[in-house]
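Structure file final.csv (CSV, C-alpha atoms) is printed below.
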chain,number,residue,atom,x,y,z
S,233,MET,CA,14.3,205.1,88.8
S,234,ILE,CA,10.6,205.8,88.3
S,235,GLU,CA,9.6,203.3,85.7
S,236,TRP,CA,6.6,205.0,84.2
S,237,PHE,CA,8.4,208.3,84.1
S,238,THR,CA,11.3,206.7,82.3
S,239,TRP,CA,9.0,205.1,79.7
S,240,ALA,CA,7.2,208.5,79.3
S,241,GLN,CA,10.6,210.0,78.7
S,242,VAL,CA,11.5,207.4,76.0
S,243,ALA,CA,8.1,208.1,74.4
S,244,VAL,CA,8.6,211.9,74.4
S,245,ALA,CA,12.1,211.6,73.0
S,246,CYS,CA,10.8,209.3,70.1
S,247,LEU,CA,8.0,211.7,69.4
S,248,ALA,CA,10.3,214.6,69.4
S,249,GLY,CA,12.6,212.7,67.0
S,250,VAL,CA,9.7,212.1,64.6
S,251,VAL,CA,8.6,215.7,64.8
S,252,CYS,CA,12.2,216.8,63.9
S,253,VAL,CA,12.5,214.2,61.0
S,254,VAL,CA,9.2,215.4,59.5
S,255,ALA,CA,10.2,219.0,59.8
S,256,GLY,CA,13.5,218.2,58.2
S,257,PHE,CA,12.0,216.5,55.2
S,258,ALA,CA,9.3,219.2,55.0
S,259,ARG,CA,12.2,221.6,54.3
S,260,LYS,CA,11.5,223.5,57.4
S,261,LEU,CA,14.4,225.4,59.1
S,262,PRO,CA,15.0,224.7,62.8
S,263,ASN,CA,12.2,226.4,64.6
S,264,ASP,CA,10.5,226.8,68.0
S,265,ILE,CA,8.8,223.5,67.6
S,266,THR,CA,11.8,221.4,66.8
S,267,VAL,CA,14.2,223.2,69.1
S,268,GLY,CA,11.4,223.3,71.8
S,269,ALA,CA,10.9,219.5,71.4
S,270,THR,CA,14.6,219.0,71.9
S,271,ALA,CA,14.6,221.3,74.9
S,272,LEU,CA,11.7,219.3,76.4
S,273,VAL,CA,13.8,216.1,76.0
S,274,PHE,CA,16.6,217.9,77.8
S,275,LEU,CA,14.3,219.0,80.6
S,276,LEU,CA,13.1,215.5,81.2
S,277,LEU,CA,16.7,214.3,81.4
S,278,VAL,CA,17.4,216.9,84.1
S,279,VAL,CA,14.4,215.6,86.1
S,280,GLN,CA,15.7,212.0,85.5
S,281,LEU,CA,19.1,213.1,87.0
S,282,VAL,CA,17.4,214.4,90.1
S,283,VAL,CA,15.3,211.3,90.4
S,284,SER,CA,18.4,209.1,90.0
S,285,ILE,CA,20.3,211.0,92.7
S,286,VAL,CA,17.4,210.7,95.1
S,287,ALA,CA,16.2,207.2,94.3
S,288,PRO,CA,18.9,205.2,96.2
S,289,PHE,CA,18.1,207.2,99.4
S,290,VAL,CA,14.4,206.2,99.3
S,291,GLY,CA,14.9,202.5,98.9
S,292,ASP,CA,15.4,202.2,95.1
S,293,PRO,CA,19.1,201.4,94.4
S,294,PRO,CA,20.2,200.4,90.9
S,295,THR,CA,20.7,196.6,90.4
S,296,GLY,CA,23.4,197.3,87.7
S,297,ASN,CA,26.6,199.3,87.6
S,298,ILE,CA,26.1,202.8,88.8
S,299,VAL,CA,29.2,204.1,86.9
S,300,GLU,CA,27.9,202.8,83.6
S,301,PHE,CA,24.5,204.3,84.4
S,302,TYR,CA,26.0,207.8,85.0
S,303,ILE,CA,28.2,207.6,81.9
S,304,TYR,CA,24.9,207.1,79.9
S,305,LEU,CA,23.1,209.9,81.8
S,306,VAL,CA,25.8,212.5,81.6
S,307,SER,CA,26.4,211.7,77.9
S,308,ALA,CA,22.7,211.9,77.2
S,309,LEU,CA,22.5,215.3,79.0
S,310,LEU,CA,25.2,216.6,76.7
S,311,LEU,CA,23.4,215.7,73.4
S,312,PRO,CA,20.3,218.1,73.3
S,313,PRO,CA,22.3,221.2,74.2
S,314,LEU,CA,25.0,220.4,71.6
S,315,ALA,CA,22.3,219.6,69.0
S,316,VAL,CA,20.5,222.9,69.7
S,317,VAL,CA,23.8,224.9,69.4
S,318,TRP,CA,24.3,223.1,66.1
S,319,ALA,CA,20.8,224.1,65.0
S,320,LEU,CA,21.5,227.7,65.9
S,321,VAL,CA,24.8,227.9,64.0
S,322,ASP,CA,23.7,225.9,61.0
S,323,ARG,CA,20.4,227.4,59.9
S,324,THR,CA,19.4,224.8,57.4
S,325,ARG,CA,16.7,222.1,57.3
S,326,TRP,CA,19.4,219.5,57.8
S,327,SER,CA,19.8,220.7,61.4
S,328,ASN,CA,16.4,219.3,62.1
S,329,LEU,CA,17.7,215.9,61.2
S,330,VAL,CA,20.7,216.5,63.6
S,331,LEU,CA,18.2,217.3,66.3
S,332,ALA,CA,16.3,214.1,65.5
S,333,ALA,CA,19.5,212.0,65.6
S,334,ALA,CA,20.3,213.5,69.0
S,335,VAL,CA,16.9,212.9,70.6
S,336,PHE,CA,16.6,209.4,69.1
S,337,ALA,CA,20.0,208.6,70.7
S,338,VAL,CA,18.7,210.0,74.0
S,339,ALA,CA,15.7,207.6,73.7
S,340,VAL,CA,18.0,204.6,73.3
S,341,MET,CA,20.3,205.7,76.1
S,342,VAL,CA,17.4,206.2,78.5
S,343,TYR,CA,16.2,202.7,77.7
S,344,ARG,CA,19.7,201.4,78.3
S,345,MET,CA,19.7,203.3,81.6
S,346,LEU,CA,16.4,201.7,82.6
S,347,GLN,CA,17.9,198.2,81.9
S,348,ILE,CA,21.0,199.0,83.9
S,349,TRP,CA,18.9,200.2,86.9
S,350,THR,CA,16.3,197.5,86.9
S,351,VAL,CA,17.5,194.4,85.0
S,352,GLN,CA,21.3,194.3,84.8
S,353,VAL,CA,23.0,192.5,87.6
S,354,ALA,CA,26.4,194.0,88.4
A,521,MET,CA,29.4,229.8,47.0
A,522,MET,CA,29.5,228.5,43.4
A,523,VAL,CA,27.7,225.2,43.9
A,524,THR,CA,24.8,223.5,42.1
A,525,GLN,CA,21.6,222.6,43.8
A,526,LYS,CA,22.6,219.0,43.8
A,527,SER,CA,25.9,219.4,45.6
A,528,THR,CA,24.2,221.8,48.1
A,529,ARG,CA,22.1,218.9,49.1
A,530,ALA,CA,25.2,216.8,49.5
A,531,VAL,CA,26.6,219.4,51.8
A,532,GLY,CA,23.5,219.4,54.0
A,533,LEU,CA,23.4,215.6,54.1
A,534,GLY,CA,27.1,215.6,54.9
A,535,ARG,CA,26.4,217.7,58.0
A,536,VAL,CA,23.9,215.1,59.2
A,537,LEU,CA,26.5,212.4,58.5
A,538,ILE,CA,29.1,214.4,60.6
A,539,ALA,CA,26.5,214.6,63.5
A,540,VAL,CA,25.9,210.9,63.4
A,541,TYR,CA,29.6,210.3,63.3
A,542,ALA,CA,30.0,212.5,66.4
A,543,LEU,CA,27.2,210.5,68.1
A,544,LEU,CA,29.0,207.2,67.4
A,545,ALA,CA,32.3,208.7,68.6
A,546,LEU,CA,30.5,209.6,71.8
A,547,ALA,CA,28.9,206.1,72.1
A,548,ALA,CA,32.2,204.3,71.5
A,549,THR,CA,34.1,206.6,73.8
A,550,GLY,CA,31.6,206.2,76.6
A,551,ARG,CA,31.5,202.5,76.4
A,552,SER,CA,35.3,202.3,76.1
A,553,VAL,CA,35.9,204.5,79.1
A,554,PHE,CA,33.6,202.4,81.2
A,555,GLN,CA,35.0,199.0,80.1
A,556,ILE,CA,38.6,200.1,80.7
A,557,ALA,CA,37.9,201.7,84.0
A,558,GLU,CA,35.7,199.0,85.4
A,559,GLN,CA,36.6,195.6,83.9
A,560,PHE,CA,39.7,195.8,81.7
A,561,SER,CA,41.1,192.5,82.9
A,562,GLU,CA,38.0,190.6,81.8
A,563,ALA,CA,38.6,191.0,78.1
A,564,PRO,CA,41.7,193.0,77.3
A,565,LEU,CA,41.4,192.3,73.5
A,566,ALA,CA,37.8,193.4,73.2
A,567,TYR,CA,38.3,196.5,75.3
A,568,THR,CA,41.5,197.6,73.6
A,569,LEU,CA,39.5,197.3,70.3
A,570,SER,CA,36.7,199.3,71.8
A,571,ALA,CA,39.2,202.1,72.7
A,572,LEU,CA,40.8,201.9,69.3
A,573,SER,CA,37.4,202.2,67.5
A,574,ALA,CA,36.5,205.1,69.8
A,575,VAL,CA,39.7,207.0,68.8
A,576,VAL,CA,39.1,206.2,65.1
A,577,TYR,CA,35.5,207.5,65.2
A,578,ILE,CA,36.8,210.7,66.8
A,579,VAL,CA,39.5,211.2,64.2
A,580,ALA,CA,37.1,210.4,61.4
A,581,THR,CA,34.6,213.0,62.8
A,582,VAL,CA,37.3,215.7,63.0
A,583,ALA,CA,38.6,214.8,59.5
A,584,LEU,CA,35.1,215.1,58.0
A,585,VAL,CA,34.6,218.5,59.6
A,586,LYS,CA,37.9,220.0,58.4
A,587,SER,CA,38.5,220.9,54.8
A,588,GLY,CA,41.7,220.4,52.9
A,589,SER,CA,43.3,217.4,51.2
A,590,THR,CA,45.1,216.1,54.3
A,591,SER,CA,42.0,215.7,56.3
A,592,TYR,CA,40.3,214.3,53.2
A,593,ALA,CA,42.9,211.5,53.1
A,594,VAL,CA,42.6,211.0,56.9
A,595,ALA,CA,38.9,210.7,56.5
A,596,TRP,CA,39.3,208.0,53.8
A,597,ALA,CA,41.8,206.1,56.0
A,598,THR,CA,39.7,206.2,59.1
A,599,ILE,CA,36.5,205.4,57.4
A,600,SER,CA,38.1,202.5,55.5
A,601,PHE,CA,39.5,201.3,58.8
A,602,GLU,CA,36.0,201.4,60.3
A,603,LEU,CA,34.5,199.4,57.5
A,604,VAL,CA,37.3,196.7,57.8
A,605,GLY,CA,36.8,196.8,61.6
A,606,VAL,CA,33.1,196.3,61.5
A,607,LEU,CA,33.3,193.5,58.9
A,608,VAL,CA,36.2,191.6,60.6
A,609,VAL,CA,34.9,191.9,64.1
A,610,GLY,CA,31.3,191.3,62.9
A,611,LEU,CA,32.4,188.1,61.2
A,612,VAL,CA,34.6,186.9,64.1
A,613,THR,CA,31.8,187.5,66.6
A,614,ALA,CA,29.3,185.8,64.4
A,615,LEU,CA,31.5,182.7,63.9
A,616,ASP,CA,33.1,182.5,67.4
A,617,PRO,CA,31.4,184.7,70.0
A,618,ALA,CA,33.7,183.4,72.7
A,619,LEU,CA,36.6,185.5,71.3
A,620,PHE,CA,34.7,188.6,72.3
A,621,PRO,CA,33.0,187.9,75.6
A,622,ASP,CA,31.7,191.5,75.9
A,623,ASP,CA,30.3,193.8,73.2
A,624,THR,CA,32.2,196.4,71.2
A,625,VAL,CA,30.6,198.8,68.8
A,626,TRP,CA,31.5,196.4,66.0
A,627,SER,CA,30.3,193.2,67.5
A,628,PHE,CA,27.8,191.3,65.3
A,629,PHE,CA,28.2,194.1,62.7
A,630,GLY,CA,27.1,196.8,65.1
A,631,ARG,CA,23.9,195.1,66.1
A,632,GLY,CA,23.9,196.8,69.5
A,633,TYR,CA,23.9,200.2,67.7
A,634,GLY,CA,21.2,199.5,65.2
A,635,PHE,CA,23.8,198.4,62.6
A,636,VAL,CA,24.7,202.1,62.3
A,637,PRO,CA,28.5,201.2,62.5
A,638,LEU,CA,28.0,199.0,59.4
A,639,VAL,CA,26.0,201.5,57.3
A,640,LEU,CA,27.9,204.7,58.3
A,641,PRO,CA,31.3,203.9,56.7
A,642,VAL,CA,29.6,203.1,53.4
A,643,LEU,CA,27.6,206.4,53.5
A,644,GLY,CA,30.8,208.2,54.5
A,645,MET,CA,32.7,206.8,51.5
A,646,ILE,CA,29.8,207.8,49.2
A,647,TRP,CA,29.9,211.3,50.6
A,648,LEU,CA,33.7,211.5,50.3
A,649,GLN,CA,33.5,210.4,46.7
A,650,ARG,CA,30.9,213.0,45.9
A,651,THR,CA,32.8,215.8,47.6
A,652,ARG,CA,36.4,215.0,46.7
A,653,PRO,CA,38.6,218.1,46.3
A,654,GLY,CA,38.9,219.4,42.7
A,655,ARG,CA,35.8,217.7,41.5
A,656,ALA,CA,33.8,219.9,39.2
A,657,GLY,CA,30.8,221.4,40.9
A,658,ALA,CA,31.7,219.9,44.2
A,659,GLY,CA,34.0,222.7,45.3
A,660,ASP,CA,35.7,222.6,48.7
A,661,ARG,CA,34.1,220.5,51.3
A,662,PRO,CA,32.1,222.5,53.8
A,663,GLU,CA,33.8,223.6,56.9
Show me the file's structure as structure tokens.
Amino acid sequence: MIEWFTWAQVAVACLAGVVCVVAGFARKLPNDITVGATALVFLLLVVQLVVSIVAPFVGDPPTGNIVEFYIYLVSALLLPPLAVVWALVDRTRWSNLVLAAAVFAVAVMVYRMLQIWTVQVA
Amino acid sequence: MMVTQKSTRAVGLGRVLIAVYALLALAATGRSVFQIAEQFSEAPLAYTLSALSAVVYIVATVALVKSGSTSYAVAWATISFELVGVLVVGLVTALDPALFPDDTVWSFFGRGYGFVPLVLPVLGMIWLQRTRPGRAGAGDRPE
């Protein structure tokens, strides 16, 4: 795992969550900004997946349990697309809060993934 | 749809509630699958409970989504079970942590999940109460 990239990813996910919460309480419908922010979170997760696959081959193996790591990563990868589908089906301002919940969960999960990779001893 | 402005808001909030329930179902399932696959023998009681809580969250999520009086009753049953679960397991882990050597979603009142498992059943009950079938103005719960 690339530590600065992972922290940047957590920060982007939190920021995206705040944007979606604000949009939700401002009575905005899901729009390009909130869906786009969620898509950005997803894009970074895909990059993280590639990094995680490559890292062990370039001298950066996880210290913790690799199975647990990938359960988090795969679950996290599912969240943004599901939330976006939700937002497309349910065109109400509440969908922005659903997007927010999803990206906040991704932020927590990425942080957990960093712990598993760097701190946890299997 | 013949609903007042107030109950429309409840409908919207209810959808957020369902989304958070789905998230928690996913979290509990993911943790449970890992625990049972990798280290079941370490703490069979805690991990069985993890699996049970995961199933209950999934059933509760589905029951909240579906309309009708049966799923309404199922939602009440599962959400009550969750509240009892988080209170009992929370209390037990607080008093005697050795009984649960590894975390479940309910350990320490759901501390590992931002206390969401403690708050969610209460919000769920409030929402069920506000949207119970036959209540004037509430109408059918949203699909």
Contacts from chain A to chain S, 8 Å maximum, only C-alpha atoms: show me the residue list as a PyMOL selection string.
chain A and resi 532-533+535-536+539-540+543+546+550+554
Export of the given selection (C-alpha atoms) as a CSV table (one decimal), keeping the file's coordinate frame:
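Here's the written file part16.csv:
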chain,number,residue,atom,x,y,z
A,532,GLY,CA,23.5,219.4,54.0
A,533,LEU,CA,23.4,215.6,54.1
A,535,ARG,CA,26.4,217.7,58.0
A,536,VAL,CA,23.9,215.1,59.2
A,539,ALA,CA,26.5,214.6,63.5
A,540,VAL,CA,25.9,210.9,63.4
A,543,LEU,CA,27.2,210.5,68.1
A,546,LEU,CA,30.5,209.6,71.8
A,550,GLY,CA,31.6,206.2,76.6
A,554,PHE,CA,33.6,202.4,81.2
Shell around A:Tyr567 at 8 Å using only C-alpha atoms, local window under 3 positions removed, as a list in words:
Ser552, Gln555, Ile556, Phe560, Ala563, Pro564, Ser570, Ala571 and Thr624 of chain A
Would you mind telling me which residue in S:Ile234, S:Ala245, S:Val290, S:Ile348 lies nearest to S:Leu272 when using all atoms listed in the file?
S:Ala245
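Here atom CA of S:Thr295 is placed at a distance of 20.2 Å from atom CA of S:Val242.
The interatomic distance for the pair atom CA of A:Gly632 and atom CA of A:Gln559 works out to 19.2 Å.
Between A:Gly630 and the residues A:Phe601, A:Gly644, A:Tyr592, A:Leu544, the shortest atom-to-atom distance, using all atoms listed in the file, involves A:Leu544.
Atom CA of A:Leu648 lies 12.9 Å from atom CA of A:Thr590.
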With distances taken over all atoms listed in the file, the candidate from A:Tyr577, A:Trp626, A:Thr549, A:Ile538 nearest A:Ala597 is A:Tyr577
Sel. within 7 Å of pt (31.3, 195.1, 64.1), counting all atoms listed in the file, output as a PyMOL selection string
chain A and resi 605-610+625-630+637-638
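Remark: residues at most 6 Å from position (17.7, 223.3, 65.6) in file coordinates are Pro262, Val267, Val316, Ala319, Leu320, Ser327 and Asn328 of chain S, using all atoms listed in the file.
Distances to S:Leu247 were evaluated for S:Ile298, S:Val342, S:Val279, S:Val273 using all atoms listed in the file, and the minimum falls at S:Val273.
Each of S:Val251, S:Met345, S:Pro288, S:Val244 was compared to S:Asn263 using all atoms listed in the file, and S:Val251 turns out to be the nearest.
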